[in-house]
Amino acid sequence: SREIAESFKAAAASCANPMLASAGYHEPSLIVLAGTKTRLTDGAGAANALLTGGPCAFAAVAEEEHAAFIAALGGRASTLETLKTIDAVNYSKGRRLKISLARLGG
């Protein structure tokens with residue numbers, strides 16, 4: 001959660017009201033660290049957040065939600081900018097995580 005939140009805050013530094021949608025990663029600590037505008041959702045929900053959220057909308061997408069995320073973006077998938085890929089281990093669940101932080105470009 002810490003690395004996602006830090007990467008999000010750095011990417012959104014110039015935004016007055018940034019929003020983060022997290023697909024497939026639902027740890028409550030992410031909301032505490034990234035802010036209460038953080039939405040815990042699935043791939044389609046994260047895509048919708050980017051499509052409707054404007055230039056200060058970001059998505060953190062777990063590997064298992066990536067296909068649904070890309071499909072829901074439709075034609076806008078080609079404008080997706082991956083800002084960071086985080087490889088980590090969820091110690092509480094004992095599994096490997098790969099999460100991409102992204103936003104839509106022009």
# chains A, B, ... in the order shown; residues from 1 in each chain; ligands from 1
>>> select_by_dssp(residues="region 1-86 of chain A", states="strand (DSSP E or B)", output="JSON, numbers by chain")
{"A": [19, 20, 21, 22, 23, 39, 40, 41, 57, 58, 59, 60, 61, 62, 80, 81, 82, 83, 84, 85, 86]}
>>> write_last_selection(atoms="N, CA, C and O atoms", output="mmCIF file, in the first residue's frame")
data_model
loop_
_atom_site.group_PDB
_atom_site.id
_atom_site.type_symbol
_atom_site.label_atom_id
_atom_site.label_comp_id
_atom_site.auth_asym_id
_atom_site.auth_seq_id
_atom_site.Cartn_x
_atom_site.Cartn_y
_atom_site.Cartn_z
ATOM 1 N N MET A 19 -7.755 11.422 -7.888
ATOM 2 C CA MET A 19 -8.558 10.268 -7.512
ATOM 3 C C MET A 19 -7.818 9.007 -7.941
ATOM 4 O O MET A 19 -7.240 8.956 -9.013
ATOM 5 N N LEU A 20 -7.830 7.998 -7.078
ATOM 6 C CA LEU A 20 -7.198 6.714 -7.358
ATOM 7 C C LEU A 20 -8.250 5.622 -7.297
ATOM 8 O O LEU A 20 -8.988 5.517 -6.315
ATOM 9 N N ALA A 21 -8.317 4.807 -8.337
ATOM 10 C CA ALA A 21 -9.155 3.609 -8.343
ATOM 11 C C ALA A 21 -8.217 2.414 -8.272
ATOM 12 O O ALA A 21 -7.272 2.321 -9.039
ATOM 13 N N SER A 22 -8.471 1.524 -7.337
ATOM 14 C CA SER A 22 -7.633 0.346 -7.169
ATOM 15 C C SER A 22 -8.409 -0.906 -7.552
ATOM 16 O O SER A 22 -9.406 -1.249 -6.919
ATOM 17 N N ALA A 23 -7.941 -1.571 -8.594
ATOM 18 C CA ALA A 23 -8.610 -2.771 -9.104
ATOM 19 C C ALA A 23 -7.865 -4.019 -8.657
ATOM 20 O O ALA A 23 -6.713 -4.216 -9.012
ATOM 21 N N ARG A 39 -10.966 4.599 -4.550
ATOM 22 C CA ARG A 39 -12.061 3.657 -4.780
ATOM 23 C C ARG A 39 -11.488 2.251 -4.906
ATOM 24 O O ARG A 39 -10.564 2.024 -5.684
ATOM 25 N N LEU A 40 -12.048 1.316 -4.178
ATOM 26 C CA LEU A 40 -11.662 -0.089 -4.304
ATOM 27 C C LEU A 40 -12.667 -0.729 -5.245
ATOM 28 O O LEU A 40 -13.871 -0.722 -4.984
ATOM 29 N N THR A 41 -12.191 -1.262 -6.354
ATOM 30 C CA THR A 41 -13.085 -1.717 -7.416
ATOM 31 C C THR A 41 -12.474 -2.892 -8.168
ATOM 32 O O THR A 41 -11.507 -3.498 -7.701
ATOM 33 N N ALA A 57 -7.317 11.504 -12.736
ATOM 34 C CA ALA A 57 -7.779 10.175 -12.351
ATOM 35 C C ALA A 57 -6.680 9.164 -12.652
ATOM 36 O O ALA A 57 -6.088 9.177 -13.728
ATOM 37 N N PHE A 58 -6.409 8.307 -11.697
ATOM 38 C CA PHE A 58 -5.360 7.301 -11.801
ATOM 39 C C PHE A 58 -5.937 5.941 -11.417
ATOM 40 O O PHE A 58 -6.917 5.868 -10.678
ATOM 41 N N ALA A 59 -5.305 4.884 -11.911
ATOM 42 C CA ALA A 59 -5.739 3.532 -11.571
ATOM 43 C C ALA A 59 -4.538 2.689 -11.175
ATOM 44 O O ALA A 59 -3.497 2.733 -11.829
ATOM 45 N N ALA A 60 -4.689 1.947 -10.092
ATOM 46 C CA ALA A 60 -3.714 0.944 -9.675
ATOM 47 C C ALA A 60 -4.381 -0.392 -9.969
ATOM 48 O O ALA A 60 -5.401 -0.726 -9.370
ATOM 49 N N VAL A 61 -3.826 -1.132 -10.920
ATOM 50 C CA VAL A 61 -4.501 -2.336 -11.416
ATOM 51 C C VAL A 61 -3.647 -3.571 -11.161
ATOM 52 O O VAL A 61 -2.523 -3.678 -11.661
ATOM 53 N N ALA A 62 -4.205 -4.495 -10.381
ATOM 54 C CA ALA A 62 -3.523 -5.761 -10.108
ATOM 55 C C ALA A 62 -3.530 -6.607 -11.377
ATOM 56 O O ALA A 62 -4.454 -6.526 -12.205
ATOM 57 N N LEU A 80 -3.380 4.699 -22.856
ATOM 58 C CA LEU A 80 -3.007 4.396 -21.478
ATOM 59 C C LEU A 80 -1.517 4.628 -21.249
ATOM 60 O O LEU A 80 -0.685 4.174 -22.024
ATOM 61 N N GLU A 81 -1.200 5.340 -20.178
ATOM 62 C CA GLU A 81 0.190 5.566 -19.778
ATOM 63 C C GLU A 81 0.455 4.804 -18.484
ATOM 64 O O GLU A 81 -0.166 5.081 -17.473
ATOM 65 N N THR A 82 1.362 3.832 -18.537
ATOM 66 C CA THR A 82 1.757 3.131 -17.318
ATOM 67 C C THR A 82 2.861 3.948 -16.667
ATOM 68 O O THR A 82 3.924 4.161 -17.248
ATOM 69 N N LEU A 83 2.596 4.417 -15.463
ATOM 70 C CA LEU A 83 3.526 5.289 -14.756
ATOM 71 C C LEU A 83 4.528 4.507 -13.917
ATOM 72 O O LEU A 83 5.662 4.937 -13.746
ATOM 73 N N LYS A 84 4.074 3.371 -13.396
ATOM 74 C CA LYS A 84 4.954 2.539 -12.565
ATOM 75 C C LYS A 84 4.360 1.145 -12.459
ATOM 76 O O LYS A 84 3.144 0.984 -12.413
ATOM 77 N N THR A 85 5.227 0.154 -12.417
ATOM 78 C CA THR A 85 4.811 -1.217 -12.148
ATOM 79 C C THR A 85 5.458 -1.625 -10.833
ATOM 80 O O THR A 85 6.670 -1.499 -10.662
ATOM 81 N N ILE A 86 4.635 -2.097 -9.934
ATOM 82 C CA ILE A 86 5.093 -2.465 -8.595
ATOM 83 C C ILE A 86 5.028 -3.980 -8.460
ATOM 84 O O ILE A 86 3.961 -4.579 -8.621
#
>>> residues_around(residues="Ala10 (chain A)", least_positions_apart="5", cutoff="12 Å", atoms="only C-alpha atoms", output="MDAnalysis selection string")
chainID A and resid 3:5 15 18 34 56 58 83:84 101
>>> closest_residue(among="A:Ser7, A:Thr36, A:Asn17, A:Ser100", to="Asp87 (chain A)", atoms="only C-alpha atoms")
A:Ser100
>>> closest_residue(among="A:Arg103, A:Ser1, A:Leu73, A:Ser92", to="Asn48 (chain A)", atoms="only C-alpha atoms")
A:Leu73
>>> select_by_dssp(residues="region 29-97 of chain A", states="alpha helix (DSSP H)", output="PDB file with all heavy atoms, in the first residue's frame")
ATOM      1  N   SER A  29      -5.472  -0.191   4.165  1.00  0.00           N
ATOM      2  CA  SER A  29      -4.350   0.735   4.374  1.00  0.00           C
ATOM      3  C   SER A  29      -4.116   1.625   3.159  1.00  0.00           C
ATOM      4  O   SER A  29      -3.611   2.744   3.290  1.00  0.00           O
ATOM      5  CB  SER A  29      -3.071  -0.029   4.721  1.00  0.00           C
ATOM      6  OG  SER A  29      -2.731  -0.928   3.686  1.00  0.00           O
ATOM      7  N   LEU A  30      -4.512   1.184   1.980  1.00  0.00           N
ATOM      8  CA  LEU A  30      -4.351   2.012   0.788  1.00  0.00           C
ATOM      9  C   LEU A  30      -5.208   3.270   0.892  1.00  0.00           C
ATOM     10  O   LEU A  30      -4.768   4.357   0.526  1.00  0.00           O
ATOM     11  CB  LEU A  30      -4.697   1.227  -0.485  1.00  0.00           C
ATOM     12  CG  LEU A  30      -4.517   1.987  -1.791  1.00  0.00           C
ATOM     13  CD1 LEU A  30      -3.068   2.458  -1.963  1.00  0.00           C
ATOM     14  CD2 LEU A  30      -4.926   1.127  -2.970  1.00  0.00           C
ATOM     15  N   ILE A  31      -6.415   3.142   1.406  1.00  0.00           N
ATOM     16  CA  ILE A  31      -7.291   4.304   1.572  1.00  0.00           C
ATOM     17  C   ILE A  31      -6.692   5.274   2.583  1.00  0.00           C
ATOM     18  O   ILE A  31      -6.691   6.483   2.379  1.00  0.00           O
ATOM     19  CB  ILE A  31      -8.706   3.862   1.988  1.00  0.00           C
ATOM     20  CG1 ILE A  31      -9.339   3.062   0.847  1.00  0.00           C
ATOM     21  CG2 ILE A  31      -9.573   5.068   2.347  1.00  0.00           C
ATOM     22  CD1 ILE A  31     -10.644   2.404   1.196  1.00  0.00           C
ATOM     23  N   VAL A  32      -6.155   4.743   3.650  1.00  0.00           N
ATOM     24  CA  VAL A  32      -5.534   5.590   4.669  1.00  0.00           C
ATOM     25  C   VAL A  32      -4.344   6.341   4.075  1.00  0.00           C
ATOM     26  O   VAL A  32      -4.189   7.546   4.284  1.00  0.00           O
ATOM     27  CB  VAL A  32      -5.090   4.744   5.890  1.00  0.00           C
ATOM     28  CG1 VAL A  32      -4.278   5.575   6.861  1.00  0.00           C
ATOM     29  CG2 VAL A  32      -6.289   4.124   6.569  1.00  0.00           C
ATOM     30  N   LEU A  33      -3.529   5.653   3.298  1.00  0.00           N
ATOM     31  CA  LEU A  33      -2.305   6.260   2.764  1.00  0.00           C
ATOM     32  C   LEU A  33      -2.532   7.118   1.519  1.00  0.00           C
ATOM     33  O   LEU A  33      -1.860   8.136   1.340  1.00  0.00           O
ATOM     34  CB  LEU A  33      -1.286   5.163   2.450  1.00  0.00           C
ATOM     35  CG  LEU A  33      -0.766   4.393   3.659  1.00  0.00           C
ATOM     36  CD1 LEU A  33       0.009   3.163   3.201  1.00  0.00           C
ATOM     37  CD2 LEU A  33       0.094   5.281   4.519  1.00  0.00           C
ATOM     38  N   ALA A  34      -3.454   6.723   0.662  1.00  0.00           N
ATOM     39  CA  ALA A  34      -3.657   7.450  -0.600  1.00  0.00           C
ATOM     40  C   ALA A  34      -4.768   8.486  -0.511  1.00  0.00           C
ATOM     41  O   ALA A  34      -4.850   9.369  -1.350  1.00  0.00           O
ATOM     42  CB  ALA A  34      -3.955   6.466  -1.731  1.00  0.00           C
ATOM     43  N   GLY A  43     -11.496  -4.348 -12.440  1.00  0.00           N
ATOM     44  CA  GLY A  43     -10.897  -3.803 -13.655  1.00  0.00           C
ATOM     45  C   GLY A  43     -11.820  -2.877 -14.422  1.00  0.00           C
ATOM     46  O   GLY A  43     -11.429  -1.794 -14.852  1.00  0.00           O
ATOM     47  N   ALA A  44     -13.079  -3.282 -14.589  1.00  0.00           N
ATOM     48  CA  ALA A  44     -14.042  -2.441 -15.307  1.00  0.00           C
ATOM     49  C   ALA A  44     -14.323  -1.153 -14.543  1.00  0.00           C
ATOM     50  O   ALA A  44     -14.437  -0.081 -15.138  1.00  0.00           O
ATOM     51  CB  ALA A  44     -15.337  -3.214 -15.548  1.00  0.00           C
ATOM     52  N   GLY A  45     -14.395  -1.236 -13.234  1.00  0.00           N
ATOM     53  CA  GLY A  45     -14.627  -0.043 -12.418  1.00  0.00           C
ATOM     54  C   GLY A  45     -13.471   0.935 -12.493  1.00  0.00           C
ATOM     55  O   GLY A  45     -13.667   2.152 -12.533  1.00  0.00           O
ATOM     56  N   ALA A  46     -12.257   0.416 -12.511  1.00  0.00           N
ATOM     57  CA  ALA A  46     -11.080   1.280 -12.631  1.00  0.00           C
ATOM     58  C   ALA A  46     -11.043   1.954 -13.991  1.00  0.00           C
ATOM     59  O   ALA A  46     -10.716   3.138 -14.108  1.00  0.00           O
ATOM     60  CB  ALA A  46      -9.799   0.479 -12.392  1.00  0.00           C
ATOM     61  N   ALA A  47     -11.410   1.221 -15.039  1.00  0.00           N
ATOM     62  CA  ALA A  47     -11.465   1.807 -16.378  1.00  0.00           C
ATOM     63  C   ALA A  47     -12.501   2.918 -16.419  1.00  0.00           C
ATOM     64  O   ALA A  47     -12.245   4.002 -16.951  1.00  0.00           O
ATOM     65  CB  ALA A  47     -11.794   0.731 -17.411  1.00  0.00           C
ATOM     66  N   ASN A  48     -13.656   2.680 -15.844  1.00  0.00           N
ATOM     67  CA  ASN A  48     -14.707   3.689 -15.805  1.00  0.00           C
ATOM     68  C   ASN A  48     -14.241   4.934 -15.045  1.00  0.00           C
ATOM     69  O   ASN A  48     -14.519   6.063 -15.458  1.00  0.00           O
ATOM     70  CB  ASN A  48     -15.980   3.127 -15.177  1.00  0.00           C
ATOM     71  CG  ASN A  48     -17.107   4.124 -15.234  1.00  0.00           C
ATOM     72  OD1 ASN A  48     -17.492   4.589 -16.305  1.00  0.00           O
ATOM     73  ND2 ASN A  48     -17.652   4.457 -14.079  1.00  0.00           N
ATOM     74  N   ALA A  49     -13.509   4.741 -13.965  1.00  0.00           N
ATOM     75  CA  ALA A  49     -12.992   5.874 -13.198  1.00  0.00           C
ATOM     76  C   ALA A  49     -12.054   6.719 -14.049  1.00  0.00           C
ATOM     77  O   ALA A  49     -12.093   7.953 -13.987  1.00  0.00           O
ATOM     78  CB  ALA A  49     -12.281   5.381 -11.938  1.00  0.00           C
ATOM     79  N   LEU A  50     -11.214   6.074 -14.852  1.00  0.00           N
ATOM     80  CA  LEU A  50     -10.322   6.831 -15.728  1.00  0.00           C
ATOM     81  C   LEU A  50     -11.092   7.531 -16.838  1.00  0.00           C
ATOM     82  O   LEU A  50     -10.801   8.682 -17.170  1.00  0.00           O
ATOM     83  CB  LEU A  50      -9.265   5.916 -16.354  1.00  0.00           C
ATOM     84  CG  LEU A  50      -8.188   5.352 -15.450  1.00  0.00           C
ATOM     85  CD1 LEU A  50      -7.128   4.643 -16.289  1.00  0.00           C
ATOM     86  CD2 LEU A  50      -7.545   6.406 -14.590  1.00  0.00           C
ATOM     87  N   LEU A  51     -12.062   6.847 -17.402  1.00  0.00           N
ATOM     88  CA  LEU A  51     -12.823   7.405 -18.515  1.00  0.00           C
ATOM     89  C   LEU A  51     -13.683   8.599 -18.100  1.00  0.00           C
ATOM     90  O   LEU A  51     -13.933   9.495 -18.902  1.00  0.00           O
ATOM     91  CB  LEU A  51     -13.702   6.326 -19.151  1.00  0.00           C
ATOM     92  CG  LEU A  51     -12.938   5.210 -19.881  1.00  0.00           C
ATOM     93  CD1 LEU A  51     -13.886   4.061 -20.232  1.00  0.00           C
ATOM     94  CD2 LEU A  51     -12.254   5.752 -21.132  1.00  0.00           C
ATOM     95  N   THR A  52     -14.111   8.628 -16.860  1.00  0.00           N
ATOM     96  CA  THR A  52     -14.999   9.702 -16.401  1.00  0.00           C
ATOM     97  C   THR A  52     -14.329  10.679 -15.442  1.00  0.00           C
ATOM     98  O   THR A  52     -14.906  11.711 -15.136  1.00  0.00           O
ATOM     99  CB  THR A  52     -16.241   9.115 -15.699  1.00  0.00           C
ATOM    100  OG1 THR A  52     -15.838   8.362 -14.557  1.00  0.00           O
ATOM    101  CG2 THR A  52     -17.043   8.238 -16.653  1.00  0.00           C
ATOM    102  N   GLY A  53     -13.118  10.370 -14.995  1.00  0.00           N
ATOM    103  CA  GLY A  53     -12.492  11.153 -13.936  1.00  0.00           C
ATOM    104  C   GLY A  53     -11.610  12.303 -14.353  1.00  0.00           C
ATOM    105  O   GLY A  53     -11.134  13.051 -13.510  1.00  0.00           O
ATOM    106  N   HIS A  66      -6.098  -6.921 -15.017  1.00  0.00           N
ATOM    107  CA  HIS A  66      -5.592  -6.160 -16.161  1.00  0.00           C
ATOM    108  C   HIS A  66      -6.400  -6.393 -17.448  1.00  0.00           C
ATOM    109  O   HIS A  66      -6.742  -5.435 -18.153  1.00  0.00           O
ATOM    110  CB  HIS A  66      -4.109  -6.469 -16.399  1.00  0.00           C
ATOM    111  CG  HIS A  66      -3.485  -5.592 -17.434  1.00  0.00           C
ATOM    112  ND1 HIS A  66      -3.170  -4.282 -17.200  1.00  0.00           N
ATOM    113  CD2 HIS A  66      -3.156  -5.832 -18.717  1.00  0.00           C
ATOM    114  CE1 HIS A  66      -2.661  -3.746 -18.291  1.00  0.00           C
ATOM    115  NE2 HIS A  66      -2.639  -4.668 -19.236  1.00  0.00           N
ATOM    116  N   ALA A  67      -6.735  -7.630 -17.768  1.00  0.00           N
ATOM    117  CA  ALA A  67      -7.473  -7.917 -19.005  1.00  0.00           C
ATOM    118  C   ALA A  67      -8.843  -7.246 -19.000  1.00  0.00           C
ATOM    119  O   ALA A  67      -9.254  -6.638 -19.995  1.00  0.00           O
ATOM    120  CB  ALA A  67      -7.607  -9.427 -19.211  1.00  0.00           C
ATOM    121  N   ALA A  68      -9.559  -7.329 -17.883  1.00  0.00           N
ATOM    122  CA  ALA A  68     -10.872  -6.686 -17.778  1.00  0.00           C
ATOM    123  C   ALA A  68     -10.740  -5.169 -17.854  1.00  0.00           C
ATOM    124  O   ALA A  68     -11.580  -4.486 -18.455  1.00  0.00           O
ATOM    125  CB  ALA A  68     -11.558  -7.091 -16.477  1.00  0.00           C
ATOM    126  N   PHE A  69      -9.685  -4.634 -17.278  1.00  0.00           N
ATOM    127  CA  PHE A  69      -9.407  -3.199 -17.301  1.00  0.00           C
ATOM    128  C   PHE A  69      -9.199  -2.720 -18.740  1.00  0.00           C
ATOM    129  O   PHE A  69      -9.839  -1.766 -19.187  1.00  0.00           O
ATOM    130  CB  PHE A  69      -8.171  -2.933 -16.436  1.00  0.00           C
ATOM    131  CG  PHE A  69      -7.648  -1.533 -16.453  1.00  0.00           C
ATOM    132  CD1 PHE A  69      -8.380  -0.488 -15.921  1.00  0.00           C
ATOM    133  CD2 PHE A  69      -6.390  -1.259 -16.965  1.00  0.00           C
ATOM    134  CE1 PHE A  69      -7.882   0.812 -15.905  1.00  0.00           C
ATOM    135  CE2 PHE A  69      -5.870   0.023 -16.954  1.00  0.00           C
ATOM    136  CZ  PHE A  69      -6.622   1.068 -16.424  1.00  0.00           C
ATOM    137  N   ILE A  70      -8.340  -3.400 -19.470  1.00  0.00           N
ATOM    138  CA  ILE A  70      -8.052  -3.025 -20.854  1.00  0.00           C
ATOM    139  C   ILE A  70      -9.303  -3.163 -21.724  1.00  0.00           C
ATOM    140  O   ILE A  70      -9.609  -2.292 -22.536  1.00  0.00           O
ATOM    141  CB  ILE A  70      -6.887  -3.868 -21.426  1.00  0.00           C
ATOM    142  CG1 ILE A  70      -5.584  -3.548 -20.677  1.00  0.00           C
ATOM    143  CG2 ILE A  70      -6.726  -3.662 -22.924  1.00  0.00           C
ATOM    144  CD1 ILE A  70      -5.109  -2.112 -20.808  1.00  0.00           C
ATOM    145  N   ALA A  71     -10.044  -4.241 -21.542  1.00  0.00           N
ATOM    146  CA  ALA A  71     -11.265  -4.449 -22.323  1.00  0.00           C
ATOM    147  C   ALA A  71     -12.273  -3.328 -22.077  1.00  0.00           C
ATOM    148  O   ALA A  71     -12.907  -2.831 -23.008  1.00  0.00           O
ATOM    149  CB  ALA A  71     -11.880  -5.805 -21.994  1.00  0.00           C
ATOM    150  N   ALA A  72     -12.409  -2.911 -20.833  1.00  0.00           N
ATOM    151  CA  ALA A  72     -13.373  -1.866 -20.493  1.00  0.00           C
ATOM    152  C   ALA A  72     -12.941  -0.488 -20.998  1.00  0.00           C
ATOM    153  O   ALA A  72     -13.786   0.382 -21.194  1.00  0.00           O
ATOM    154  CB  ALA A  72     -13.594  -1.833 -18.985  1.00  0.00           C
ATOM    155  N   LEU A  73     -11.657  -0.294 -21.218  1.00  0.00           N
ATOM    156  CA  LEU A  73     -11.182   0.981 -21.770  1.00  0.00           C
ATOM    157  C   LEU A  73     -11.522   1.114 -23.249  1.00  0.00           C
ATOM    158  O   LEU A  73     -11.566   2.227 -23.785  1.00  0.00           O
ATOM    159  CB  LEU A  73      -9.670   1.130 -21.581  1.00  0.00           C
ATOM    160  CG  LEU A  73      -9.185   1.462 -20.183  1.00  0.00           C
ATOM    161  CD1 LEU A  73      -7.665   1.410 -20.115  1.00  0.00           C
ATOM    162  CD2 LEU A  73      -9.698   2.820 -19.729  1.00  0.00           C
TER     163      LEU A  73
END
>>> closest_residue(among="A:Leu104, A:Ala13, A:Arg95, A:Gly35", to="Ser78 (chain A)", atoms="only C-alpha atoms")
A:Leu104
>>> atom_distance(atom1="CA of Gly24 (chain A)", atom2="CA of Gly75 (chain A)")
22.3 Å
